Amino acid sequence: MTIKAQQKYGGSPLLSFENHVYRSMPYFESLKGNAEFKDYVRDVLDYGTYRFESLYIQDDPDIVGGFVRYGRYSRKDVSRILNYDTNREGTLNGYQIVGHTCPIFVTYEKCDDISANTKYEDRFISPQEFSWMTRARVRLTSSQIPAIQDSRTRKLLFVKKSDAEGSNFYYIGDLRVLGDPLETTIANDAGVQLPIVNFRFVIDKPVEEKLYAYLCE
């Protein structure tokens, strides 16, 4: 976590984590006798319990590896749920391979003011198939291609309709590579053709009808 991010939560950590054990920090211990502080902590815990139960227990949600299908997540949320050592929200742009995970973030409707070589033609082919482009200047010989093809790499698809929806993406599901990737080209703002690789994926479950229509309309 960056220093700026730490400042949002105050300058004094409440717990330490060493040798797989959580321990209270002295400052936190000193507040245990404060009745008002206890009430605040209890309120936070009660809300956390309620939030967990409403998301993961009630209404029989479809949970896939820590994510509620069609739940909305920010890049920061994804970084946390996938248990990355550091917050990678600043580098989880289109996609990133981290260990055996590869979260993929797609904005379905691209803004007009972005560069031409980032206007990737990512699209649903059907409710259970998705066509996706790597970033530009990637070839079939690039090291990331076999990592994406590897069945041990968990590929997660997150989609939002447009930037007007804010920073949260719908978790669509996990992906499996369909067939062989194809190297093609995409033009940059100067009209120069740059290499890029196209993948076709099978989604682990067909996208719910209403969400599919909303994203594709």
# chains A, B, ... in the order shown; residues from 1 in each chain; ligands from 1
>>> select_by_dssp(residues="region 53-138 of chain A", states="strand (DSSP E)", output="compact mmCIF listing (two decimals) with N, CA and C atoms, in the first residue's frame")
# COMPACT_ATOMS: atom_id res chain seq x y z
N ILE A 63 -20.95 -17.92 -6.48
CA ILE A 63 -19.62 -17.46 -6.08
C ILE A 63 -18.56 -18.30 -6.79
N VAL A 64 -17.63 -17.64 -7.44
CA VAL A 64 -16.56 -18.31 -8.18
C VAL A 64 -15.22 -17.81 -7.66
N PHE A 67 -15.35 -14.40 -5.94
CA PHE A 67 -16.11 -13.34 -6.60
C PHE A 67 -17.56 -13.77 -6.81
N VAL A 68 -18.48 -12.84 -6.55
CA VAL A 68 -19.89 -13.09 -6.83
C VAL A 68 -20.13 -12.79 -8.31
N ARG A 72 -20.05 -6.27 -8.71
CA ARG A 72 -19.24 -5.19 -9.28
C ARG A 72 -18.00 -4.97 -8.42
N TYR A 73 -16.85 -4.88 -9.07
CA TYR A 73 -15.57 -4.80 -8.38
C TYR A 73 -14.67 -3.75 -9.03
N THR A 101 -2.62 -16.03 -12.14
CA THR A 101 -3.88 -15.31 -12.36
C THR A 101 -3.69 -14.26 -13.44
N CYS A 102 -4.77 -13.99 -14.17
CA CYS A 102 -4.75 -12.94 -15.20
C CYS A 102 -6.12 -12.29 -15.25
N PRO A 103 -6.36 -11.28 -14.38
CA PRO A 103 -7.62 -10.54 -14.48
C PRO A 103 -7.62 -9.68 -15.74
N ILE A 104 -8.75 -9.68 -16.45
CA ILE A 104 -8.91 -8.94 -17.70
C ILE A 104 -10.03 -7.93 -17.51
N PHE A 105 -9.74 -6.65 -17.75
CA PHE A 105 -10.72 -5.58 -17.57
C PHE A 105 -11.07 -4.99 -18.94
N VAL A 106 -12.36 -4.97 -19.24
CA VAL A 106 -12.81 -4.50 -20.55
C VAL A 106 -13.86 -3.41 -20.37
N THR A 107 -13.64 -2.26 -21.00
CA THR A 107 -14.67 -1.23 -21.12
C THR A 107 -15.29 -1.41 -22.49
N ARG A 123 -15.11 -7.98 -27.64
CA ARG A 123 -16.56 -8.08 -27.80
C ARG A 123 -17.05 -9.49 -27.48
N PHE A 124 -18.32 -9.55 -27.09
CA PHE A 124 -18.99 -10.83 -26.94
C PHE A 124 -19.34 -11.37 -28.33
N ILE A 125 -19.01 -12.61 -28.59
CA ILE A 125 -19.44 -13.28 -29.81
C ILE A 125 -20.81 -13.91 -29.57
N SER A 126 -21.01 -14.37 -28.36
CA SER A 126 -22.27 -14.95 -27.91
C SER A 126 -22.28 -14.83 -26.40
N GLU A 129 -19.15 -16.81 -25.40
CA GLU A 129 -17.86 -16.65 -26.07
C GLU A 129 -17.47 -15.18 -26.11
N PHE A 130 -16.17 -14.93 -25.94
CA PHE A 130 -15.68 -13.56 -25.90
C PHE A 130 -14.41 -13.45 -26.73
N SER A 131 -14.35 -12.43 -27.58
CA SER A 131 -13.17 -12.14 -28.39
C SER A 131 -12.41 -11.01 -27.72
N TRP A 132 -11.12 -11.22 -27.49
CA TRP A 132 -10.33 -10.27 -26.69
C TRP A 132 -8.98 -10.03 -27.33
N MET A 133 -8.52 -8.77 -27.26
CA MET A 133 -7.22 -8.38 -27.79
C MET A 133 -6.24 -8.11 -26.65
>>> residues_around(residues="Arg75 (chain A)", least_positions_apart="2", cutoff="6 Å", atoms="only C-alpha atoms", output="JSON, numbers by chain")
{"A": [77, 78, 89]}
>>> write_last_selection(atoms="C-alpha atoms", output="short mmCIF file (atom, residue, chain, number, x, y, z; two decimals), in the first residue's frame")
data_model
loop_
_atom_site.label_atom_id
_atom_site.label_comp_id
_atom_site.auth_asym_id
_atom_site.auth_seq_id
_atom_site.Cartn_x
_atom_site.Cartn_y
_atom_site.Cartn_z
CA ASP A 77 -11.07 -5.00 -4.95
CA VAL A 78 -9.71 -7.53 -7.43
CA GLU A 89 -4.89 -1.08 -8.92
#
>>> atom_distance(atom1="CA of Arg154 (chain A)", atom2="CA of Asp204 (chain A)")
11.6 Å
>>> residues_around(residues="Ser74 (chain A)", least_positions_apart="2", cutoff="6 Å", atoms="only C-alpha atoms", output="VMD selection string")
chain A and resid 76 to 77 167 to 168
>>> write_last_selection(atoms="C-alpha atoms", output="short mmCIF file (atom, residue, chain, number, x, y, z; two decimals), in the first residue's frame")
data_model
loop_
_atom_site.label_atom_id
_atom_site.label_comp_id
_atom_site.auth_asym_id
_atom_site.auth_seq_id
_atom_site.Cartn_x
_atom_site.Cartn_y
_atom_site.Cartn_z
CA LYS A 76 -8.43 -2.46 -6.00
CA ASP A 77 -11.07 -5.00 -4.95
CA SER A 167 -14.47 2.42 -11.68
CA ASN A 168 -16.43 -0.78 -11.00
#
>>> closest_residue(among="A:Gln7, A:Gly99, A:Glu183, A:Arg88", to="Ser142 (chain A)", atoms="only C-alpha atoms")
A:Glu183
